[in-house]
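Quick look at coords.cif (mmCIF, C-alpha atoms and all ligand atoms):
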```cif
data_structure
loop_
_atom_site.label_atom_id
_atom_site.label_comp_id
_atom_site.auth_asym_id
_atom_site.auth_seq_id
_atom_site.Cartn_x
_atom_site.Cartn_y
_atom_site.Cartn_z
CA MET A 1 160.82 -44.70 166.14
CA ASN A 2 157.06 -44.33 165.92
CA LYS A 3 155.87 -47.21 168.05
CA ALA A 4 152.16 -48.02 167.91
CA ILE A 5 150.35 -47.30 171.17
CA TYR A 6 147.12 -49.09 172.02
CA ASN A 7 144.98 -47.74 174.83
CA PHE A 8 142.85 -50.46 176.45
CA GLY A 9 141.46 -48.07 179.06
CA PRO A 10 137.73 -48.30 179.84
CA GLY A 11 137.00 -44.63 179.28
CA PRO A 12 137.59 -41.96 178.36
CA ALA A 13 138.72 -44.32 175.64
CA MET A 14 140.53 -44.35 172.31
CA LEU A 15 139.06 -42.27 169.52
CA TYR A 16 139.46 -42.96 165.82
CA PRO A 17 142.69 -41.32 164.56
CA GLU A 18 140.63 -39.72 161.78
CA VAL A 19 138.60 -37.90 164.44
CA LEU A 20 141.69 -36.55 166.18
CA ARG A 21 143.24 -35.54 162.88
CA ALA A 22 140.10 -33.64 161.86
CA VAL A 23 140.06 -31.87 165.23
CA ARG A 24 143.69 -30.82 164.78
CA GLU A 25 143.06 -29.72 161.23
CA GLU A 26 140.09 -27.53 162.16
CA LEU A 27 141.10 -26.45 165.65
CA LEU A 28 142.27 -22.90 164.99
CA ASP A 29 140.03 -22.08 162.09
CA PHE A 30 136.79 -24.02 161.91
CA ARG A 31 135.97 -24.52 158.23
CA GLY A 32 136.86 -20.92 157.33
CA TYR A 33 134.91 -19.39 160.23
CA GLY A 34 138.08 -17.71 161.49
CA ALA A 35 137.87 -19.09 165.03
CA SER A 36 137.70 -22.42 166.82
CA VAL A 37 134.48 -24.39 167.11
CA MET A 38 134.94 -23.93 170.88
CA GLU A 39 134.59 -20.20 170.50
CA MET A 40 131.39 -19.95 168.52
CA SER A 41 127.86 -19.32 169.71
CA HIS A 42 125.79 -22.47 170.09
CA ARG A 43 122.92 -20.51 168.55
CA GLY A 44 124.86 -19.37 165.49
CA ALA A 45 124.21 -20.95 162.11
CA GLU A 46 127.61 -22.70 162.05
CA PHE A 47 127.18 -24.59 165.30
CA MET A 48 123.48 -25.29 164.70
CA GLU A 49 124.61 -27.04 161.52
CA VAL A 50 127.20 -29.09 163.45
CA ALA A 51 124.56 -30.22 165.97
CA LYS A 52 121.93 -30.90 163.32
CA THR A 53 124.34 -32.98 161.22
CA ALA A 54 125.48 -34.96 164.27
CA GLU A 55 121.88 -35.81 165.09
CA ALA A 56 121.04 -36.73 161.49
CA ASP A 57 124.09 -39.00 161.22
CA LEU A 58 123.32 -40.72 164.53
CA ARG A 59 119.72 -41.23 163.38
CA GLU A 60 120.97 -42.81 160.19
CA LEU A 61 123.57 -45.01 161.92
CA MET A 62 121.12 -46.37 164.50
CA ARG A 63 118.05 -46.19 162.25
CA ILE A 64 116.25 -44.20 164.93
CA PRO A 65 112.50 -44.01 164.20
CA ALA A 66 110.92 -40.58 163.65
CA ASP A 67 108.88 -40.75 166.85
CA TYR A 68 112.07 -40.73 168.95
CA LYS A 69 113.83 -37.58 170.17
CA VAL A 70 117.61 -37.43 170.20
CA LEU A 71 119.10 -35.25 172.93
CA PHE A 72 122.70 -34.18 173.54
CA LEU A 73 122.86 -33.43 177.26
CA GLN A 74 125.38 -33.04 180.06
CA GLY A 75 125.72 -34.83 183.39
CA GLY A 76 126.90 -38.18 182.01
CA ALA A 77 125.16 -41.51 182.29
CA THR A 78 125.14 -40.84 186.02
CA GLY A 79 122.91 -37.83 185.47
CA GLN A 80 120.58 -40.01 183.43
CA CYS A 81 120.32 -42.49 186.31
CA ALA A 82 118.36 -39.71 188.03
CA ALA A 83 116.72 -38.27 184.91
CA ALA A 84 115.15 -41.63 184.04
CA PRO A 85 112.92 -41.88 187.14
CA MET A 86 112.24 -38.13 187.15
CA ASN A 87 110.92 -38.24 183.59
CA LEU A 88 109.45 -41.71 183.39
CA LEU A 89 107.57 -42.32 186.63
CA ARG A 90 104.60 -40.38 185.21
CA GLY A 91 102.36 -40.84 188.21
CA LYS A 92 103.60 -44.33 189.07
CA THR A 93 105.58 -45.11 192.20
CA SER A 94 107.87 -47.99 191.29
CA ALA A 95 110.25 -49.19 188.60
CA ASP A 96 111.85 -52.57 187.80
CA TYR A 97 115.65 -52.85 187.72
CA VAL A 98 117.84 -55.74 186.63
CA ASN A 99 121.03 -55.97 188.65
CA THR A 100 123.98 -57.30 186.66
CA GLY A 101 126.82 -55.46 188.37
CA TYR A 102 128.46 -52.19 189.24
CA TRP A 103 126.62 -49.86 186.86
CA SER A 104 123.27 -51.51 187.53
CA GLN A 105 123.84 -50.88 191.23
CA ARG A 106 124.71 -47.26 190.63
CA ALA A 107 121.47 -46.81 188.66
CA ILE A 108 119.48 -48.58 191.38
CA ALA A 109 120.96 -46.40 194.14
CA GLU A 110 120.08 -43.24 192.25
CA ALA A 111 116.55 -44.36 191.31
CA SER A 112 115.87 -45.29 194.94
CA LYS A 113 115.87 -41.57 195.75
CA TYR A 114 112.81 -41.09 193.55
CA CYS A 115 110.82 -44.30 193.62
CA GLU A 116 110.44 -47.79 194.90
CA VAL A 117 112.89 -50.05 193.10
CA ASN A 118 111.93 -53.64 192.43
CA ILE A 119 114.90 -55.88 191.61
CA ALA A 120 113.40 -57.93 188.79
CA ALA A 121 116.47 -60.14 188.40
CA SER A 122 120.00 -60.26 189.76
CA SER A 123 123.20 -62.13 189.03
CA GLU A 124 124.80 -61.07 192.31
CA HIS A 125 124.68 -64.59 193.81
CA LYS A 126 127.03 -65.69 191.03
CA ASN A 127 129.36 -62.74 191.38
CA PHE A 128 127.79 -60.92 188.42
CA SER A 129 129.24 -63.42 185.96
CA TYR A 130 126.22 -63.78 183.68
CA ALA A 131 123.15 -62.08 182.24
CA PRO A 132 119.94 -63.46 183.82
CA ALA A 133 117.68 -65.08 181.20
CA GLN A 134 114.33 -63.47 180.54
CA SER A 135 112.63 -66.43 182.25
CA GLU A 136 114.32 -65.40 185.53
CA TRP A 137 112.92 -61.86 185.39
CA ARG A 138 110.06 -61.06 187.76
CA LEU A 139 108.51 -57.95 186.26
CA LYS A 140 105.80 -55.96 188.00
CA LYS A 141 102.75 -55.06 185.93
CA ASP A 142 102.48 -51.58 187.46
CA ALA A 143 106.17 -50.68 187.06
CA ALA A 144 106.75 -47.33 185.36
CA TYR A 145 109.62 -48.80 183.34
CA VAL A 146 112.25 -51.56 183.31
CA HIS A 147 115.92 -50.55 183.52
CA TYR A 148 118.95 -52.65 182.62
CA VAL A 149 122.58 -52.23 181.58
CA PRO A 150 123.13 -54.06 178.27
CA ASN A 151 126.90 -54.04 178.77
CA GLU A 152 128.44 -54.02 182.24
CA THR A 153 131.68 -52.19 181.59
CA ILE A 154 133.49 -53.46 184.70
CA GLY A 155 132.20 -57.03 184.91
CA GLY A 156 132.37 -57.63 181.16
CA VAL A 157 128.83 -59.08 180.90
CA GLU A 158 126.86 -58.18 177.78
CA PHE A 159 123.29 -59.09 176.87
CA GLN A 160 123.27 -60.65 173.40
CA TRP A 161 119.49 -60.18 173.27
CA VAL A 162 116.99 -57.41 173.94
CA PRO A 163 114.55 -58.08 176.78
CA ASP A 164 110.82 -58.14 176.11
CA THR A 165 108.96 -55.98 178.63
CA GLY A 166 105.62 -55.84 176.86
CA SER A 167 103.98 -52.44 177.12
CA VAL A 168 106.26 -51.31 179.98
CA PRO A 169 109.00 -49.05 178.54
CA LEU A 170 112.50 -50.55 178.46
CA VAL A 171 115.30 -48.21 179.58
CA ALA A 172 118.94 -49.01 178.78
CA ASP A 173 122.23 -47.53 179.96
CA MET A 174 124.11 -48.22 176.74
CA SER A 175 127.21 -46.19 177.65
CA SER A 176 129.73 -48.89 176.81
CA ASN A 177 128.21 -50.64 173.82
CA ILE A 178 126.18 -48.05 171.91
CA LEU A 179 127.00 -48.13 168.17
CA SER A 180 129.00 -51.34 168.59
CA ARG A 181 126.24 -53.64 167.35
CA GLU A 182 122.98 -53.34 165.49
CA ILE A 183 119.94 -52.84 167.69
CA ASP A 184 116.28 -52.20 167.04
CA VAL A 185 115.69 -48.83 168.73
CA SER A 186 111.92 -49.31 168.59
CA ARG A 187 112.26 -51.98 171.30
CA PHE A 188 113.36 -49.31 173.78
CA GLY A 189 111.63 -46.47 175.59
CA VAL A 190 114.88 -44.70 176.45
CA ILE A 191 118.51 -45.34 175.54
CA TYR A 192 121.18 -43.25 177.20
CA ALA A 193 124.96 -43.23 176.93
CA GLY A 194 127.86 -41.16 178.14
CA ALA A 195 130.04 -40.37 175.14
CA GLN A 196 133.47 -41.27 176.44
CA LYS A 197 133.52 -44.94 175.42
CA ASN A 198 132.18 -45.30 171.90
CA ILE A 199 131.24 -41.79 170.81
CA GLY A 200 133.73 -39.08 171.66
CA PRO A 201 135.28 -37.10 174.47
CA ALA A 202 133.60 -36.92 177.89
CA GLY A 203 131.10 -34.13 178.31
CA VAL A 204 128.14 -35.07 176.16
CA THR A 205 125.47 -37.64 176.97
CA VAL A 206 123.29 -39.05 174.22
CA VAL A 207 119.65 -39.68 175.14
CA ILE A 208 117.25 -41.32 172.71
CA VAL A 209 113.70 -41.17 174.01
CA ARG A 210 110.35 -42.18 172.58
CA GLU A 211 108.34 -39.01 172.24
CA ASP A 212 105.21 -40.22 174.05
CA LEU A 213 107.27 -40.80 177.21
CA THR A 214 108.18 -37.12 177.48
CA GLY A 215 106.15 -34.26 178.88
CA ASP A 216 105.16 -35.56 182.29
CA ALA A 217 108.33 -35.17 184.38
CA LEU A 218 108.19 -34.73 188.16
CA LYS A 219 107.67 -31.08 189.03
CA ARG A 220 111.00 -30.89 190.83
CA THR A 221 112.96 -32.17 187.80
CA PRO A 222 115.86 -29.83 187.00
CA ALA A 223 115.16 -28.07 183.72
CA ILE A 224 118.33 -29.44 182.12
CA PHE A 225 117.13 -33.02 182.77
CA ASP A 226 113.58 -32.50 181.54
CA TYR A 227 113.33 -34.53 178.32
CA ALA A 228 110.37 -32.59 176.91
CA LEU A 229 111.91 -29.21 177.65
CA GLN A 230 115.27 -30.17 176.17
CA ALA A 231 113.60 -31.72 173.13
CA LYS A 232 111.56 -28.56 172.54
CA ASN A 233 114.79 -26.53 172.71
CA ASP A 234 116.90 -28.83 170.50
CA SER A 235 119.03 -29.70 173.57
CA MET A 236 119.88 -26.01 173.92
CA PHE A 237 117.83 -24.96 176.90
CA ASN A 238 121.23 -24.06 178.30
CA THR A 239 124.65 -24.04 176.61
CA PRO A 240 125.33 -27.52 175.28
CA PRO A 241 128.83 -29.08 175.43
CA THR A 242 129.64 -27.74 171.99
CA PHE A 243 133.12 -29.15 171.52
CA ALA A 244 132.06 -32.64 172.64
CA VAL A 245 129.04 -32.56 170.30
CA TYR A 246 131.33 -31.53 167.44
CA CYS A 247 133.71 -34.44 168.17
CA ALA A 248 130.81 -36.88 168.46
CA GLY A 249 129.71 -35.71 165.01
CA LEU A 250 133.16 -36.50 163.64
CA THR A 251 132.92 -40.03 165.05
CA PHE A 252 129.51 -40.50 163.44
CA LYS A 253 130.94 -39.45 160.06
CA CYS A 254 133.80 -41.87 160.58
CA LEU A 255 131.42 -44.75 161.40
CA LYS A 256 129.41 -44.01 158.27
CA LYS A 257 132.58 -44.14 156.19
CA LEU A 258 133.46 -47.50 157.73
CA GLY A 259 130.17 -48.87 156.42
CA GLY A 260 127.92 -48.16 159.39
CA VAL A 261 127.13 -50.15 162.51
CA LYS A 262 126.68 -53.42 160.63
CA GLU A 263 130.29 -53.40 159.42
CA VAL A 264 131.65 -52.12 162.71
CA GLU A 265 129.83 -54.95 164.48
CA LYS A 266 131.50 -57.57 162.27
CA HIS A 267 134.84 -56.05 163.14
CA ASN A 268 133.97 -56.09 166.86
CA ILE A 269 132.94 -59.75 166.69
CA ALA A 270 136.27 -60.65 165.10
CA LYS A 271 138.31 -58.65 167.63
CA ALA A 272 136.51 -60.18 170.62
CA LYS A 273 136.81 -63.69 169.16
CA LEU A 274 140.55 -63.34 168.74
CA LEU A 275 141.00 -62.43 172.40
CA TYR A 276 138.49 -64.89 173.89
CA ASP A 277 139.75 -67.77 171.74
CA PHE A 278 143.22 -67.13 173.06
CA LEU A 279 142.00 -66.93 176.67
CA ASP A 280 140.10 -70.21 176.22
CA SER A 281 143.18 -71.90 174.81
CA SER A 282 145.37 -70.89 177.73
CA ALA A 283 145.69 -72.41 181.20
CA PHE A 284 147.74 -69.39 182.28
CA TYR A 285 144.87 -66.91 182.05
CA ARG A 286 141.18 -67.17 182.86
CA THR A 287 138.14 -65.02 182.19
CA PRO A 288 135.27 -65.05 184.70
CA VAL A 289 132.18 -64.48 182.55
CA GLU A 290 129.72 -67.11 181.31
CA LYS A 291 130.63 -67.81 177.69
CA ARG A 292 127.34 -66.79 176.08
CA ASP A 293 127.24 -63.46 177.96
CA ARG A 294 130.78 -62.31 177.25
CA SER A 295 131.15 -58.66 176.37
CA ARG A 296 132.57 -57.71 173.00
CA MET A 297 133.67 -54.38 174.45
CA ASN A 298 135.22 -55.08 177.85
CA VAL A 299 137.19 -58.28 178.43
CA PRO A 300 138.13 -58.92 182.05
CA PHE A 301 140.74 -61.60 182.64
CA PHE A 302 143.00 -62.85 185.41
CA LEU A 303 146.46 -64.34 185.53
CA ARG A 304 146.14 -67.60 187.43
CA ASP A 305 149.21 -66.57 189.38
CA GLU A 306 148.27 -63.09 190.53
CA ARG A 307 151.78 -62.47 191.86
CA LEU A 308 152.73 -61.81 188.25
CA ASN A 309 150.20 -58.95 187.84
CA ASP A 310 152.65 -56.08 188.29
CA GLU A 311 155.21 -57.60 185.96
CA PHE A 312 152.50 -58.26 183.36
CA LEU A 313 151.35 -54.65 183.44
CA GLU A 314 154.89 -53.30 183.37
CA HIS A 315 155.88 -55.37 180.32
CA ALA A 316 152.59 -54.58 178.57
CA ASN A 317 153.29 -50.87 179.06
CA GLU A 318 156.75 -51.25 177.57
CA ARG A 319 155.10 -52.77 174.51
CA GLY A 320 152.70 -49.82 174.16
CA LEU A 321 149.73 -51.82 175.48
CA LEU A 322 148.31 -49.36 177.99
CA HIS A 323 145.78 -49.29 180.82
CA LEU A 324 145.10 -53.01 181.11
CA LYS A 325 144.74 -52.92 184.89
CA GLY A 326 141.29 -54.13 185.95
CA HIS A 327 138.81 -52.02 187.90
CA ARG A 328 139.52 -51.84 191.63
CA VAL A 329 136.30 -53.71 192.50
CA LEU A 330 137.23 -56.72 190.35
CA GLY A 331 141.05 -56.67 190.29
CA GLY A 332 142.98 -58.57 187.63
CA MET A 333 143.08 -57.19 184.11
CA ARG A 334 140.58 -55.73 181.68
CA ALA A 335 141.02 -55.03 177.98
CA SER A 336 138.48 -52.52 176.71
CA ILE A 337 138.22 -52.97 172.98
CA TYR A 338 135.65 -50.44 171.86
CA ASN A 339 134.86 -49.55 168.25
CA ALA A 340 137.99 -47.44 167.78
CA MET A 341 140.40 -50.18 168.93
CA PRO A 342 141.89 -51.56 165.72
CA GLY A 343 142.25 -55.29 165.12
CA GLU A 344 146.04 -54.79 165.18
CA GLY A 345 145.76 -53.64 168.78
CA VAL A 346 144.00 -56.82 169.87
CA ALA A 347 146.45 -58.93 167.86
CA ALA A 348 149.38 -57.15 169.55
CA LEU A 349 147.82 -57.84 172.95
CA VAL A 350 147.35 -61.55 172.20
CA ASP A 351 150.94 -61.83 170.92
CA PHE A 352 152.22 -60.21 174.09
CA MET A 353 150.07 -62.42 176.34
CA ARG A 354 151.26 -65.54 174.55
CA GLU A 355 154.89 -64.53 174.95
CA PHE A 356 154.38 -63.65 178.60
CA GLU A 357 152.83 -67.05 179.17
CA THR A 358 155.72 -68.81 177.43
CA ARG A 359 158.20 -66.98 179.63
CA HIS A 360 156.34 -67.63 182.89
CA GLY A 361 154.03 -70.58 182.28
C1 LIG B 1 131.17 -45.32 182.12
C2 LIG B 1 129.80 -45.76 182.45
C3 LIG B 1 128.95 -44.95 183.24
C4 LIG B 1 129.41 -43.66 183.86
O1 LIG B 1 129.16 -42.64 183.02
P1 LIG B 1 129.41 -41.11 183.44
O2 LIG B 1 129.38 -40.45 182.12
O3 LIG B 1 130.75 -41.07 184.12
O4 LIG B 1 128.32 -40.69 184.34
C5 LIG B 1 127.67 -45.41 183.48
N1 LIG B 1 127.23 -46.57 182.96
C6 LIG B 1 128.01 -47.36 182.22
C7 LIG B 1 127.46 -48.63 181.66
C8 LIG B 1 129.31 -46.97 181.93
O5 LIG B 1 130.10 -47.76 181.17
#
```
Translate the structure of the given file into structure tokens.
Ligand SMILES: *Cc1c(COP(=O)(O)O)cnc(C)c1O
Amino acid sequence: MNKAIYNFGPGPAMLYPEVLRAVREELLDFRGYGASVMEMSHRGAEFMEVAKTAEADLRELMRIPADYKVLFLQGGATGQCAAAPMNLLRGKTSADYVNTGYWSQRAIAEASKYCEVNIAASSEHKNFSYAPAQSEWRLKKDAAYVHYVPNETIGGVEFQWVPDTGSVPLVADMSSNILSREIDVSRFGVIYAGAQKNIGPAGVTVVIVREDLTGDALKRTPAIFDYALQAKNDSMFNTPPTFAVYCAGLTFKCLKKLGGVKEVEKHNIAKAKLLYDFLDSSAFYRTPVEKRDRSRMNVPFFLRDERLNDEFLEHANERGLLHLKGHRVLGGMRASIYNAMPGEGVAALVDFMREFETRHG
């Protein structure tokens, strides 16, 4: 029996089956090269083509303007939490941060090593259950940049709007919702994202940076995190994560075939609606996030009777619905339903949850 398995883990997350099939197909002999893509020089014509195509496809998918650089770096989003202040302070001494949960706090802690951090807005007093409205933000005129996390992966809070920070560059950790919805890149100074949620395997970090913000990094900035240096070297100042870049390129091709971000977004809206509508209709489950700020990617929920948690997870596993356990800081459950999660997966989860409720409600 070939039972369908759906992985609701937060990351590294599900990839499109087409991506995995292409990897398998090309693993031992990359397009007639006679060796694996993992074994080729990053400076050879074959790999340069892989990297160039990945960048071109990402540019097309996100409609990235020509005055933005696209970098494929290492060090994860966590590395970028340090790279952002190092590159963007540019003679200033402070930056504005919006605190909407776990990943905001991680970014704030890292930035505090390099500059004064002004908390422009915070949802901490309400247990990080909402996205503070722009009217609540207290921005500083002399801030080097404004940083926020458009989708809090653990708390399940997603901004449905892009903040307006005037002439101060907006920096976004888009790790868990990049390519899931249409955005206007020109509204941002820097967008960064670890690959392992919506792009590909862990190991590559996408950085999209407006060109005029590069070239004035702190002197002590590690070379690999220097945006201008990496841009000048096509992200190959040192050996890039070649296999991860290759896989990311396969995902970009796949997204293009699906009709691009616009189509994928429609699909994501429908998947999230199915799950939230069910949660709203049930007295057995609850979800903690303010309705208008609910994430389309990460859906935290709780059983009202938490004594049933273990049994819920055990039965879900038996049904092939994997990794629904919530993050340790929040508890409960979390369904991560990134781009590559098919609608059938969400439907199977809702069916299971309904049955579980009928049995125990
Ligand atoms: C997963 C995640 C991170 C962590 O990324 P690393 O690649 O592990 O450094 C940071 N920010 C957000 C929003 C995430 O979802």
For this session: Can you tell me which residues come within 8 Å of ligand LIG 1 (chain B) when counting only C-alpha atoms and all ligand atoms, ideally as a ChimeraX atom specification?
Result: /A:10-11,75-80,103-104,106,149-154,173-176,193-197,202-203,205
For this session: Could you check which of A:Ala13, A:Val206, A:Ala144, A:Val185 is closest to A:Gly91, using only C-alpha atoms?
Result: A:Ala144
Problem set entry | Spatial neighbours of A:Glu26, max dist 12 Å, only C-alpha atoms, sep filter under 2 positions, as number ranges by chain | A: 19-24, 28-38, 243, 246-247, 250
Exercise. Using only C-alpha atoms, which residue out of A:Asp184, A:Glu124, A:Glu116, A:Glu265 lies closest to A:Lys140?
Worked result: A:Glu116
Exercise. Leaving out A:Lys3 and any residue of its chain fewer than 2 positions from it, which residues lie within 10 Å of it when counting only C-alpha atoms, given as a ChimeraX atom specification?
Worked result: /A:1,5-6,319-320
Go ahead and save the picked residues with C-alpha atoms, as a JSON list (two decimals), in the coordinates of the input.
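Wrote selection_24.json, looks like this:
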```json
[["chain", "number", "residue", "atom", "x", "y", "z"],
["A", 1, "MET", "CA", 160.82, -44.70, 166.14],
["A", 5, "ILE", "CA", 150.35, -47.30, 171.17],
["A", 6, "TYR", "CA", 147.12, -49.09, 172.02],
["A", 319, "ARG", "CA", 155.10, -52.77, 174.51],
["A", 320, "GLY", "CA", 152.70, -49.82, 174.16]]
```
For this session: With only C-alpha atoms counted, which protein, DNA or RNA residues have an atom no more than 9 Å from (117.0, -49.1, 177.0) in the file frame? Please answer as a PyMOL selection string.
Result: chain A and resi 146-150+162+169-174+185+187-192+208
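Rounded to one decimal, atom CA of A:Leu139 and atom CA of A:Thr93 lie 14.4 Å from each other.
Restricting the calculation to only C-alpha atoms, the smallest distance between A:Leu275 and any of A:Gly259, A:Gly249, A:Gly343, A:Pro201 is found for A:Gly343.
For the set A:Tyr338, A:Ser295, A:Lys126, A:Ala109, the residue with the smallest atom-to-atom gap to A:Lys273 is A:Ser295, counting all atoms listed in the file.
Minimum atom-to-atom distance to A:Ile119, evaluated using all atoms listed in the file, belongs to A:Arg138 out of A:Arg354, A:Arg210, A:Arg359, A:Arg138.
Each of A:Val50, A:Leu279, A:Ile108, A:Cys115 was checked against A:Ser94 using all atoms listed in the file; the smallest atom-to-atom distance is that of A:Cys115.
If you look at atom CA of A:Tyr68 and atom CA of A:Tyr97, they are 22.6 Å away from each other.
What separates atom CA of A:Leu89 from atom CA of A:Ala56 is a distance of 29.1 Å.
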Residues of stretch 197-218 of chain A that have any atom at most 12 Å from an atom of stretch 252-255 of chain A: could you tabulate them with the shortest-distance atom pair and the distance in Å to one decimal, using only C-alpha atoms, ordered by chain and increasing number, as a tab-separated table?
```
residue	atom	partner	partner_atom	distance
A:Asn198	CA	A:Phe252	CA	10.1
A:Ile199	CA	A:Phe252	CA	7.7
A:Gly200	CA	A:Phe252	CA	9.3
```
Show me as a PDB file with C-alpha atoms, in the frame of the given file the residues that reach within 7 Å of (115.3, -62.1, 190.9), counting only C-alpha atoms and using the file's own coordinates.
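Result written to result36.pdb:
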```
ATOM      1  CA  ILE A 119     114.900 -55.880 191.610  1.00  0.00           C
ATOM      2  CA  ALA A 120     113.400 -57.930 188.790  1.00  0.00           C
ATOM      3  CA  ALA A 121     116.470 -60.140 188.400  1.00  0.00           C
ATOM      4  CA  SER A 122     120.000 -60.260 189.760  1.00  0.00           C
ATOM      5  CA  GLU A 136     114.320 -65.400 185.530  1.00  0.00           C
ATOM      6  CA  TRP A 137     112.920 -61.860 185.390  1.00  0.00           C
ATOM      7  CA  ARG A 138     110.060 -61.060 187.760  1.00  0.00           C
TER       8      ARG A 138
END
```
For this session: Find the residues near A:Ser235: any atom within 12 Å, counting only C-alpha atoms, skip ones fewer than 5 places away on the same chain, and give them as an MDAnalysis selection string.
Result: chainID A and resid 42:43 48 51:52 55 69:74 204:208 223:230 240:242 245
File dump, residues just selected, C-alpha atoms, as a PDB file, in the frame of the given file:
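Generated output (part23.pdb):
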```
ATOM      1  CA  HIS A  42     125.790 -22.470 170.090  1.00  0.00           C
ATOM      2  CA  ARG A  43     122.920 -20.510 168.550  1.00  0.00           C
ATOM      3  CA  MET A  48     123.480 -25.290 164.700  1.00  0.00           C
ATOM      4  CA  ALA A  51     124.560 -30.220 165.970  1.00  0.00           C
ATOM      5  CA  LYS A  52     121.930 -30.900 163.320  1.00  0.00           C
ATOM      6  CA  GLU A  55     121.880 -35.810 165.090  1.00  0.00           C
ATOM      7  CA  LYS A  69     113.830 -37.580 170.170  1.00  0.00           C
ATOM      8  CA  VAL A  70     117.610 -37.430 170.200  1.00  0.00           C
ATOM      9  CA  LEU A  71     119.100 -35.250 172.930  1.00  0.00           C
ATOM     10  CA  PHE A  72     122.700 -34.180 173.540  1.00  0.00           C
ATOM     11  CA  LEU A  73     122.860 -33.430 177.260  1.00  0.00           C
ATOM     12  CA  GLN A  74     125.380 -33.040 180.060  1.00  0.00           C
ATOM     13  CA  VAL A 204     128.140 -35.070 176.160  1.00  0.00           C
ATOM     14  CA  THR A 205     125.470 -37.640 176.970  1.00  0.00           C
ATOM     15  CA  VAL A 206     123.290 -39.050 174.220  1.00  0.00           C
ATOM     16  CA  VAL A 207     119.650 -39.680 175.140  1.00  0.00           C
ATOM     17  CA  ILE A 208     117.250 -41.320 172.710  1.00  0.00           C
ATOM     18  CA  ALA A 223     115.160 -28.070 183.720  1.00  0.00           C
ATOM     19  CA  ILE A 224     118.330 -29.440 182.120  1.00  0.00           C
ATOM     20  CA  PHE A 225     117.130 -33.020 182.770  1.00  0.00           C
ATOM     21  CA  ASP A 226     113.580 -32.500 181.540  1.00  0.00           C
ATOM     22  CA  TYR A 227     113.330 -34.530 178.320  1.00  0.00           C
ATOM     23  CA  ALA A 228     110.370 -32.590 176.910  1.00  0.00           C
ATOM     24  CA  LEU A 229     111.910 -29.210 177.650  1.00  0.00           C
ATOM     25  CA  GLN A 230     115.270 -30.170 176.170  1.00  0.00           C
ATOM     26  CA  PRO A 240     125.330 -27.520 175.280  1.00  0.00           C
ATOM     27  CA  PRO A 241     128.830 -29.080 175.430  1.00  0.00           C
ATOM     28  CA  THR A 242     129.640 -27.740 171.990  1.00  0.00           C
ATOM     29  CA  VAL A 245     129.040 -32.560 170.300  1.00  0.00           C
TER      30      VAL A 245
END
```
Within 12 Å of stretch 330-332 of chain A, counting only C-alpha atoms, which residues qualify if same-chain residues fewer than 6 places away don't, as an mmCIF file with C-alpha atoms, in the frame of the given file?
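Contents of part-v9.cif, freshly written:
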```
data_model
loop_
_atom_site.group_PDB
_atom_site.id
_atom_site.type_symbol
_atom_site.label_atom_id
_atom_site.label_comp_id
_atom_site.auth_asym_id
_atom_site.auth_seq_id
_atom_site.Cartn_x
_atom_site.Cartn_y
_atom_site.Cartn_z
ATOM 1 C CA GLY A 101 126.820 -55.460 188.370
ATOM 2 C CA TYR A 102 128.460 -52.190 189.240
ATOM 3 C CA ASN A 127 129.360 -62.740 191.380
ATOM 4 C CA PHE A 128 127.790 -60.920 188.420
ATOM 5 C CA SER A 129 129.240 -63.420 185.960
ATOM 6 C CA THR A 153 131.680 -52.190 181.590
ATOM 7 C CA ILE A 154 133.490 -53.460 184.700
ATOM 8 C CA GLY A 155 132.200 -57.030 184.910
ATOM 9 C CA GLY A 156 132.370 -57.630 181.160
ATOM 10 C CA TYR A 285 144.870 -66.910 182.050
ATOM 11 C CA ARG A 286 141.180 -67.170 182.860
ATOM 12 C CA THR A 287 138.140 -65.020 182.190
ATOM 13 C CA PRO A 288 135.270 -65.050 184.700
ATOM 14 C CA VAL A 299 137.190 -58.280 178.430
ATOM 15 C CA PRO A 300 138.130 -58.920 182.050
ATOM 16 C CA PHE A 301 140.740 -61.600 182.640
ATOM 17 C CA PHE A 302 143.000 -62.850 185.410
ATOM 18 C CA LEU A 303 146.460 -64.340 185.530
ATOM 19 C CA ARG A 304 146.140 -67.600 187.430
ATOM 20 C CA ASP A 305 149.210 -66.570 189.380
ATOM 21 C CA GLU A 306 148.270 -63.090 190.530
ATOM 22 C CA ARG A 307 151.780 -62.470 191.860
ATOM 23 C CA LEU A 308 152.730 -61.810 188.250
ATOM 24 C CA ASN A 309 150.200 -58.950 187.840
ATOM 25 C CA ASP A 310 152.650 -56.080 188.290
ATOM 26 C CA PHE A 312 152.500 -58.260 183.360
ATOM 27 C CA LEU A 313 151.350 -54.650 183.440
ATOM 28 C CA HIS A 323 145.780 -49.290 180.820
ATOM 29 C CA LEU A 324 145.100 -53.010 181.110
#
```
Exercise. Can you list, as a PyMOL selection string, every protein, DNA or RNA residue that comes within 12 Å of A:Ile269 when you count all atoms listed in the file, leaving out same-chain residues fewer than 4 positions away?
Worked result: chain A and resi 160+180-182+261-265+273-277+294-297+337-339+343+346
